[in-house]
>>> print(open('target.csv').read())   # CSV, C-alpha atoms
chain,number,residue,atom,x,y,z
A,1,MET,CA,38.9,-97.2,61.1
A,2,ASN,CA,42.1,-99.2,60.5
A,3,CYS,CA,43.6,-100.7,57.3
A,4,LEU,CA,42.3,-104.2,58.1
A,5,SER,CA,38.7,-103.0,58.3
A,6,ILE,CA,39.2,-100.9,55.1
A,7,ARG,CA,40.6,-103.9,53.2
A,8,ARG,CA,37.8,-106.2,54.2
A,9,ASN,CA,35.2,-103.8,53.0
A,10,LEU,CA,37.0,-102.3,50.0
A,11,SER,CA,35.0,-104.3,47.5
A,12,ALA,CA,31.7,-103.1,49.0
A,13,TYR,CA,33.0,-99.5,49.0
A,14,ARG,CA,34.1,-99.8,45.4
A,15,ASP,CA,30.5,-100.8,44.4
A,16,GLY,CA,28.9,-98.0,46.5
A,17,GLY,CA,27.5,-100.5,48.9
A,18,LEU,CA,28.3,-98.8,52.2
A,19,SER,CA,26.3,-96.3,54.2
A,20,ARG,CA,27.0,-92.6,53.7
A,21,GLU,CA,28.9,-92.3,57.0
A,22,ALA,CA,30.9,-95.4,56.3
A,23,ARG,CA,31.9,-93.9,53.0
A,24,TRP,CA,32.9,-90.7,54.6
A,25,HIS,CA,35.2,-92.7,57.0
A,26,PHE,CA,36.6,-94.6,54.1
A,27,ARG,CA,37.4,-91.5,52.1
A,28,ARG,CA,39.1,-90.0,55.1
A,29,HIS,CA,41.2,-93.1,55.6
A,30,LEU,CA,42.0,-93.4,51.8
A,31,LYS,CA,43.2,-89.7,51.8
A,32,GLU,CA,45.8,-90.5,54.4
A,33,CYS,CA,46.8,-94.1,53.6
A,34,ALA,CA,48.7,-94.6,50.4
A,35,SER,CA,48.8,-98.4,50.9
A,36,CYS,CA,44.9,-98.7,51.0
A,37,ARG,CA,44.7,-96.2,48.0
A,38,SER,CA,47.0,-98.5,46.0
A,39,GLU,CA,44.8,-101.5,47.0
A,40,LEU,CA,41.7,-99.7,45.8
A,41,GLU,CA,43.4,-98.8,42.5
A,42,SER,CA,44.6,-102.4,42.1
A,43,LEU,CA,41.0,-103.7,42.7
A,44,GLU,CA,39.7,-101.1,40.2
A,45,ALA,CA,42.2,-102.3,37.5
A,46,PHE,CA,41.4,-106.0,38.2
A,47,LEU,CA,37.6,-105.5,38.0
A,48,GLY,CA,38.1,-103.4,34.8
A,49,ASP,CA,40.0,-106.3,33.2
A,50,LEU,CA,37.2,-108.7,34.3
A,51,ALA,CA,34.5,-106.5,32.8
A,52,ALA,CA,36.4,-106.1,29.6
A,53,ILE,CA,36.3,-109.9,28.8
A,54,PRO,CA,34.2,-110.2,25.7
A,55,ALA,CA,31.8,-113.0,25.1
A,56,PRO,CA,30.8,-114.3,21.6
A,57,PRO,CA,27.3,-113.5,20.4
A,58,ALA,CA,24.6,-116.2,20.3
A,59,PRO,CA,25.0,-118.3,17.1
A,60,GLU,CA,22.8,-117.4,14.2
A,61,HIS,CA,21.1,-120.8,13.9
A,62,LEU,CA,20.1,-121.0,17.6
A,63,TRP,CA,16.7,-119.4,17.1
A,64,ASP,CA,15.7,-122.0,14.5
A,65,ARG,CA,16.7,-124.8,16.9
A,66,ILE,CA,14.6,-123.2,19.7
A,67,ALA,CA,11.6,-122.6,17.4
A,68,ALA,CA,11.8,-126.2,16.2
A,69,SER,CA,11.8,-127.5,19.8
A,70,VAL,CA,8.8,-125.3,20.7
A,71,ASP,CA,6.9,-126.4,17.7
A,72,ARG,CA,7.6,-130.1,18.2
A,73,PRO,CA,4.9,-131.8,20.3
A,74,ARG,CA,6.4,-133.6,23.3
A,75,ALA,CA,7.1,-137.2,22.5
A,76,ALA,CA,4.5,-139.5,24.0
A,77,ALA,CA,5.8,-141.9,26.6
A,78,PRO,CA,6.7,-145.2,24.9
A,79,THR,CA,4.4,-148.1,25.4
A,80,PRO,CA,6.0,-150.7,27.6
A,81,ALA,CA,7.0,-153.7,25.7
A,82,ALA,CA,5.7,-157.1,26.7
A,83,PRO,CA,8.0,-158.5,29.5
A,84,VAL,CA,10.6,-160.9,28.4
A,85,VAL,CA,12.3,-162.6,31.3
A,86,ARG,CA,15.9,-163.2,30.8
A,87,PRO,CA,18.6,-163.6,33.4
A,88,PHE,CA,20.6,-160.5,32.3
A,89,LEU,CA,17.5,-158.4,32.3
A,90,ALA,CA,17.1,-159.2,36.0
A,91,ALA,CA,20.6,-158.0,36.6
A,92,ALA,CA,20.0,-154.8,34.5
A,93,ALA,CA,16.8,-154.1,36.5
A,94,GLY,CA,18.8,-154.4,39.7
A,95,PHE,CA,21.3,-152.0,38.4
A,96,LEU,CA,18.7,-149.5,37.3
A,97,LEU,CA,17.0,-149.7,40.7
A,98,MET,CA,20.2,-149.0,42.4
A,99,ALA,CA,21.0,-146.1,40.0
A,100,SER,CA,17.5,-144.6,40.6
A,101,VAL,CA,18.1,-144.7,44.4
A,102,ILE,CA,21.4,-143.0,44.0
A,103,GLY,CA,19.9,-140.5,41.5
A,104,ALA,CA,17.1,-139.7,44.0
A,105,THR,CA,19.7,-138.4,46.4
A,106,ARG,CA,21.3,-136.1,43.9
A,107,PRO,CA,20.3,-132.4,43.5
A,108,SER,CA,17.5,-131.8,41.2
A,109,ASP,CA,17.9,-130.1,37.8
A,110,ASP,CA,14.8,-128.1,38.3
A,111,PRO,CA,15.9,-124.4,38.5
A,112,ALA,CA,13.3,-123.8,41.1
A,113,THR,CA,14.9,-126.1,43.5
A,114,PHE,CA,18.5,-125.0,42.9
A,115,ASN,CA,19.6,-123.4,46.1
A,116,LEU,CA,22.4,-120.8,46.6
A,117,SER,CA,20.8,-119.5,49.8
A,118,PRO,CA,23.2,-118.4,52.6
A,119,THR,CA,24.2,-121.1,54.9
A,120,ARG,CA,23.9,-120.7,58.7
A,121,ASP,CA,27.6,-120.3,58.9
A,122,GLU,CA,27.6,-117.7,56.1
A,123,ARG,CA,24.9,-115.7,57.9
A,124,VAL,CA,27.2,-115.6,61.0
A,125,ILE,CA,30.2,-114.7,58.9
A,126,ASP,CA,28.2,-112.0,57.2
A,127,GLU,CA,27.5,-110.4,60.5
A,128,ILE,CA,31.1,-110.5,61.6
A,129,ASP,CA,32.4,-109.4,58.2
A,130,TYR,CA,30.3,-106.3,58.0
A,131,ASP,CA,31.9,-104.6,60.9
A,132,ILE,CA,32.0,-101.5,58.7
A,133,TRP,CA,28.4,-100.9,59.7
A,134,TYR,CA,29.6,-100.7,63.3
A,135,LEU,CA,32.2,-98.2,64.4
A,136,ASP,CA,33.3,-97.9,68.0
A,137,GLY,CA,30.7,-100.4,69.0
A,138,ARG,CA,27.7,-98.5,67.7
A,139,ARG,CA,25.8,-99.1,64.6
A,140,ILE,CA,26.1,-96.6,61.8
A,141,VAL,CA,22.7,-95.3,60.7
A,142,ASP,CA,22.4,-93.9,57.2
A,143,ASP,CA,20.8,-90.6,58.1
A,144,GLU,CA,23.2,-89.7,60.9
A,145,PRO,CA,24.7,-86.3,60.1
A,146,ILE,CA,28.1,-86.6,58.4
A,147,PRO,CA,30.8,-84.2,59.3
A,148,THR,CA,31.5,-82.0,56.2
A,149,ASP,CA,35.0,-82.0,54.8
A,150,PRO,CA,35.0,-80.8,51.2
A,151,SER,CA,38.7,-81.7,50.9
A,152,ILE,CA,37.8,-85.4,51.0
A,153,GLU,CA,37.1,-86.5,47.5
A,154,ASP,CA,34.2,-88.9,47.0
A,155,LEU,CA,35.7,-91.7,44.9
A,156,SER,CA,32.6,-93.8,44.7
A,157,THR,CA,29.9,-91.2,43.9
A,158,GLU,CA,29.6,-91.8,40.2
A,159,ARG,CA,29.0,-95.5,40.6
A,160,GLU,CA,26.6,-95.2,43.4
A,161,GLU,CA,24.0,-93.6,41.1
A,162,GLY,CA,23.9,-96.4,38.7
A,163,ASP,CA,24.9,-99.4,40.7
A,164,ARG,CA,22.4,-99.6,43.6
B,1,MET,CA,18.4,-104.8,32.8
B,2,ALA,CA,14.9,-104.8,31.5
B,3,THR,CA,14.5,-103.7,27.9
B,4,SER,CA,11.5,-102.2,26.3
B,5,THR,CA,11.3,-105.3,24.1
B,6,GLY,CA,11.2,-107.5,27.2
B,7,ALA,CA,8.5,-105.4,28.8
B,8,CYS,CA,6.4,-105.4,25.6
B,9,ALA,CA,6.8,-109.2,25.4
B,10,VAL,CA,5.5,-109.6,29.0
B,11,MET,CA,2.5,-107.4,28.3
B,12,ARG,CA,1.8,-109.5,25.3
B,13,PHE,CA,2.3,-112.9,26.9
B,14,ALA,CA,-1.3,-113.8,26.5
B,15,ASP,CA,-0.9,-113.3,22.8
B,16,PRO,CA,-2.0,-116.4,20.9
B,17,ASP,CA,1.2,-116.3,18.9
B,18,ARG,CA,3.5,-117.4,21.7
B,19,LEU,CA,6.3,-118.2,19.4
B,20,GLN,CA,6.4,-114.5,18.3
B,21,VAL,CA,6.5,-113.4,21.9
B,22,LEU,CA,9.3,-115.8,22.6
B,23,GLU,CA,11.2,-114.6,19.6
B,24,ASP,CA,10.9,-111.0,20.9
B,25,ILE,CA,12.2,-112.0,24.3
B,26,TYR,CA,14.9,-114.2,22.6
B,27,ASN,CA,16.1,-111.3,20.5
B,28,ALA,CA,16.3,-109.0,23.6
B,29,TYR,CA,18.2,-111.5,25.8
B,30,LYS,CA,20.0,-114.1,23.6
B,31,ASP,CA,23.4,-112.5,23.7
B,32,LYS,CA,23.3,-111.9,27.4
B,33,VAL,CA,22.2,-115.5,28.2
B,34,PHE,CA,24.6,-117.0,25.7
B,35,GLY,CA,27.5,-114.8,27.0
B,36,LEU,CA,26.8,-115.7,30.6
B,37,ALA,CA,26.6,-119.5,29.8
B,38,TRP,CA,29.8,-119.2,27.8
B,39,LYS,CA,31.7,-117.4,30.5
B,40,LEU,CA,30.5,-119.9,33.1
B,41,THR,CA,31.0,-123.1,31.2
B,42,GLY,CA,33.9,-122.2,28.8
B,43,ASP,CA,32.3,-124.3,26.0
B,44,ARG,CA,30.4,-122.9,23.0
B,45,GLN,CA,28.3,-126.1,22.5
B,46,GLU,CA,27.4,-126.2,26.2
B,47,ALA,CA,26.5,-122.5,26.1
B,48,GLU,CA,24.4,-123.1,23.0
B,49,ASP,CA,22.6,-126.0,24.7
B,50,LEU,CA,22.0,-124.0,27.8
B,51,THR,CA,20.7,-121.0,26.0
B,52,HIS,CA,18.3,-123.3,24.1
B,53,ASP,CA,17.1,-124.8,27.4
B,54,VAL,CA,16.7,-121.4,29.0
B,55,PHE,CA,14.4,-120.1,26.3
B,56,ILE,CA,12.5,-123.4,26.3
B,57,ARG,CA,11.9,-122.9,30.0
B,58,VAL,CA,10.9,-119.3,29.4
B,59,HIS,CA,8.4,-120.5,26.8
B,60,GLU,CA,7.0,-123.2,29.1
B,61,HIS,CA,6.7,-121.0,32.2
B,62,LEU,CA,5.9,-117.5,30.7
B,63,ASP,CA,2.4,-117.8,32.0
B,64,GLN,CA,3.7,-118.2,35.5
B,65,PHE,CA,5.9,-115.1,35.4
B,66,GLU,CA,4.1,-112.7,37.7
B,67,GLY,CA,6.0,-109.5,36.9
B,68,ARG,CA,7.2,-109.0,40.5
B,69,SER,CA,10.7,-108.7,39.1
B,70,GLU,CA,12.0,-107.5,35.8
B,71,ILE,CA,11.7,-110.2,33.1
B,72,GLY,CA,15.5,-109.9,32.6
B,73,THR,CA,16.0,-110.8,36.3
B,74,TRP,CA,13.7,-113.8,35.9
B,75,ILE,CA,15.6,-115.0,32.7
B,76,TYR,CA,18.9,-114.6,34.4
B,77,ARG,CA,17.7,-116.6,37.4
B,78,ILE,CA,16.7,-119.5,35.0
B,79,ALA,CA,20.0,-119.2,33.2
B,80,THR,CA,22.1,-119.1,36.3
B,81,ASN,CA,20.4,-122.1,37.8
B,82,LEU,CA,20.6,-124.1,34.6
B,83,CYS,CA,24.3,-123.2,34.2
B,84,PHE,CA,25.2,-124.3,37.7
B,85,ASN,CA,23.2,-127.5,37.5
B,86,ARG,CA,25.0,-128.4,34.3
B,87,MET,CA,28.4,-127.4,35.6
B,88,ARG,CA,27.9,-129.5,38.6
B,89,ARG,CA,27.8,-132.5,36.3
B,90,MET,CA,30.8,-131.6,34.2
B,91,ARG,CA,33.9,-133.5,35.2
B,92,ARG,CA,37.0,-131.5,35.8
B,93,ALA,CA,38.9,-133.1,33.0
B,94,SER,CA,36.4,-132.4,30.4
B,95,PHE,CA,36.0,-128.9,31.8
B,96,VAL,CA,39.6,-128.0,31.2
B,97,GLU,CA,39.5,-129.6,27.8
B,98,ALA,CA,36.4,-127.6,27.0
B,99,ILE,CA,38.1,-124.3,28.0
B,100,GLU,CA,41.1,-125.2,25.8
B,101,ARG,CA,38.8,-126.1,22.9
B,102,THR,CA,36.9,-122.9,23.3
B,103,PHE,CA,40.0,-120.7,23.2
B,104,GLY,CA,41.7,-122.9,20.5
B,105,LEU,CA,44.6,-123.6,22.7
B,106,VAL,CA,44.9,-127.3,22.2
B,107,GLY,CA,48.3,-128.3,21.0
B,108,ARG,CA,49.4,-124.7,20.8
B,109,GLU,CA,53.0,-123.7,21.5
B,110,LYS,CA,53.9,-120.9,23.9
B,111,PRO,CA,52.3,-117.6,22.7
B,112,HIS,CA,54.3,-115.6,20.2
B,113,ASP,CA,52.4,-112.4,19.9
B,114,ALA,CA,50.3,-110.1,22.0
B,115,ARG,CA,47.0,-111.5,20.8
B,116,MET,CA,47.9,-115.0,22.0
B,117,ILE,CA,49.1,-113.7,25.3
B,118,GLU,CA,45.8,-111.8,25.7
B,119,ASP,CA,43.9,-115.0,24.9
B,120,GLU,CA,45.8,-117.0,27.5
B,121,THR,CA,45.3,-114.3,30.1
B,122,ARG,CA,41.6,-114.3,29.4
B,123,THR,CA,41.6,-118.1,29.6
B,124,ALA,CA,43.3,-118.0,33.0
B,125,VAL,CA,40.9,-115.3,34.3
B,126,LEU,CA,37.8,-117.2,33.2
B,127,GLU,CA,39.2,-120.5,34.4
B,128,ALA,CA,39.9,-118.9,37.8
B,129,VAL,CA,36.3,-117.6,37.9
B,130,ARG,CA,35.0,-121.1,37.1
B,131,ASP,CA,37.1,-122.5,39.9
B,132,LEU,CA,35.4,-120.4,42.5
B,133,PRO,CA,32.9,-122.1,44.8
B,134,PRO,CA,29.4,-121.8,43.1
B,135,ALA,CA,28.1,-119.3,45.6
B,136,PHE,CA,31.0,-116.9,45.0
B,137,ARG,CA,31.2,-117.7,41.3
B,138,ALA,CA,27.6,-116.7,40.8
B,139,CYS,CA,28.1,-113.3,42.4
B,140,VAL,CA,31.4,-112.6,40.6
B,141,ALA,CA,30.0,-113.7,37.2
B,142,LEU,CA,26.7,-111.7,37.6
B,143,ARG,CA,28.4,-108.6,39.0
B,144,ASP,CA,31.8,-108.4,37.4
B,145,LEU,CA,31.3,-110.2,34.1
B,146,GLU,CA,27.7,-109.2,33.5
B,147,GLY,CA,27.5,-105.8,35.3
B,148,LEU,CA,24.3,-106.4,37.3
B,149,SER,CA,23.4,-104.5,40.4
B,150,TYR,CA,23.4,-105.9,43.9
B,151,ARG,CA,19.7,-105.7,44.0
B,152,GLU,CA,19.3,-107.7,40.7
B,153,ILE,CA,21.8,-110.3,41.9
B,154,SER,CA,20.0,-110.5,45.2
B,155,GLU,CA,16.7,-111.2,43.3
B,156,ILE,CA,18.3,-113.7,40.9
B,157,LEU,CA,20.0,-115.7,43.6
B,158,GLU,CA,17.3,-115.1,46.2
B,159,VAL,CA,19.7,-114.0,48.9
B,160,PRO,CA,20.0,-110.8,50.9
B,161,GLU,CA,22.0,-107.9,49.3
B,162,GLY,CA,24.4,-108.2,52.3
B,163,THR,CA,25.2,-111.7,51.3
B,164,VAL,CA,25.8,-110.7,47.7
B,165,MET,CA,28.2,-108.1,49.0
B,166,SER,CA,30.1,-110.4,51.3
B,167,ARG,CA,30.3,-113.2,48.7
B,168,LEU,CA,31.5,-110.7,46.1
B,169,ALA,CA,34.2,-109.5,48.4
B,170,ARG,CA,35.4,-113.0,49.2
B,171,GLY,CA,35.1,-114.2,45.6
B,172,ARG,CA,37.1,-111.2,44.3
B,173,GLU,CA,39.8,-111.7,46.9
B,174,ARG,CA,40.2,-115.4,46.1
B,175,LEU,CA,40.3,-114.6,42.4
B,176,ARG,CA,43.0,-112.0,42.8
B,177,GLN,CA,45.0,-114.3,45.0
B,178,LYS,CA,44.7,-117.1,42.5
B,179,LEU,CA,45.7,-114.9,39.6
B,180,SER,CA,48.6,-113.3,41.3
B,181,ARG,CA,49.9,-116.8,42.2
B,182,LEU,CA,49.5,-117.8,38.5
B,183,ASN,CA,51.4,-114.6,37.5
B,184,ARG,CA,54.2,-115.4,39.9
B,185,ALA,CA,54.4,-119.0,38.6
B,186,GLY,CA,54.3,-117.9,35.0
>>> encode(input="target.csv", output="structure tokens")
Amino acid sequence: MNCLSIRRNLSAYRDGGLSREARWHFRRHLKECASCRSELESLEAFLGDLAAIPAPPAPEHLWDRIAASVDRPRAAAPTPAAPVVRPFLAAAAGFLLMASVIGATRPSDDPATFNLSPTRDERVIDEIDYDIWYLDGRRIVDDEPIPTDPSIEDLSTEREEGDR
Amino acid sequence: MATSTGACAVMRFADPDRLQVLEDIYNAYKDKVFGLAWKLTGDRQEAEDLTHDVFIRVHEHLDQFEGRSEIGTWIYRIATNLCFNRMRRMRRASFVEAIERTFGLVGREKPHDARMIEDETRTAVLEAVRDLPPAFRACVALRDLEGLSYREISEILEVPEGTVMSRLARGRERLRQKLSRLNRAG
């Protein structure tokens, strides 16, 4: 395993997201490579800073606002007014029609329709990116026996329990 | 992520007093939802409006919650989707202004003490997170700001765990590069 492969998968290693054997190879590399160790430490420090960013609590009055919205019956649709034909109304109607056509092509606000699914390109990149699952052209299987080397410290064990 | 309060609330969702059920859920998740919205939008008022909308959706759709995932995951999914839809509509100019308003930096001179430097650093970090493409931003926010697991993020965004992993790696890398550029420039 070379430094490039290590760097590309450092984030997943840090989160305990790799197979047991991949982790073993990682640890072996990290034991020998000061530069990758330093990269891991820098990632740890960076993510520690991110996690430490505090957020303010929800405002006290917010529940009253929500409760009021829930209690309030939905407003009935307004009864359409009797049509008054004026020239500027015709222009406004044309504008609204155009706006509705444009609006129809925009993404919906409905959470159910919001899509963060992987794109086709992303699926291809994922396969290429995750070469850590493949070493020497063969796929790493999770239950393959791992050579024991007690001198290699497991840097990711603590997180693995809680994270995945 | 699920809390006992949340679980209780789901078990009681047929309760005639739906408002009480909603209040239980609200009390269990209000700070998480508000915090996520604030970190993603940088604007307290936007975060408040979004939190309001999230719990209104929860109230409206609670009957449809099937319990196949934790209720917290379901609520995060609603919150994430509403935040991203809202942010898509925010223009860049008003976005920066909102961040400055949130952190009280409008019209401020260069920082004089550690607290102000800390605030500015935090602003730069959150702004860099908000600048990430939505797919990366969602993963970084949920994992690194909210501390959710890969499995939870995968359920919230409805993408495979491998995709979460790769988006996180790329999102983190972009973030670090951007922040190191800012550090060098500063």
>>> closest_residue(input="target.csv", among="B:Ile75, B:Ala138, B:Ile25, B:Leu145", to="A:Pro54", atoms="all atoms listed in the file")
B:Leu145
>>> atom_distance(input="target.csv", atom1="atom CA of A:Ala51", atom2="atom CA of B:Asp144")
5.7 Å
>>> interface_residues(input="target.csv", of="chain B", to="chain A", cutoff="7 Å", atoms="only C-alpha atoms", output="ChimeraX atom specification")
/B:30-31,34-35,39,52,56,78,81-82,85,122,135,144-145,149-151,157-159,163,165-166,169
>>> closest_residue(input="target.csv", among="A:Leu40, A:Ala68, A:Met1, A:Ala45", to="A:Trp24", atoms="only C-alpha atoms")
A:Met1
>>> atom_distance(input="target.csv", atom1="atom CA of B:Ala79", atom2="atom CA of B:Gln177")
28.1 Å
>>> atom_distance(input="target.csv", atom1="atom CA of B:Phe84", atom2="atom CA of B:Leu50")
10.4 Å
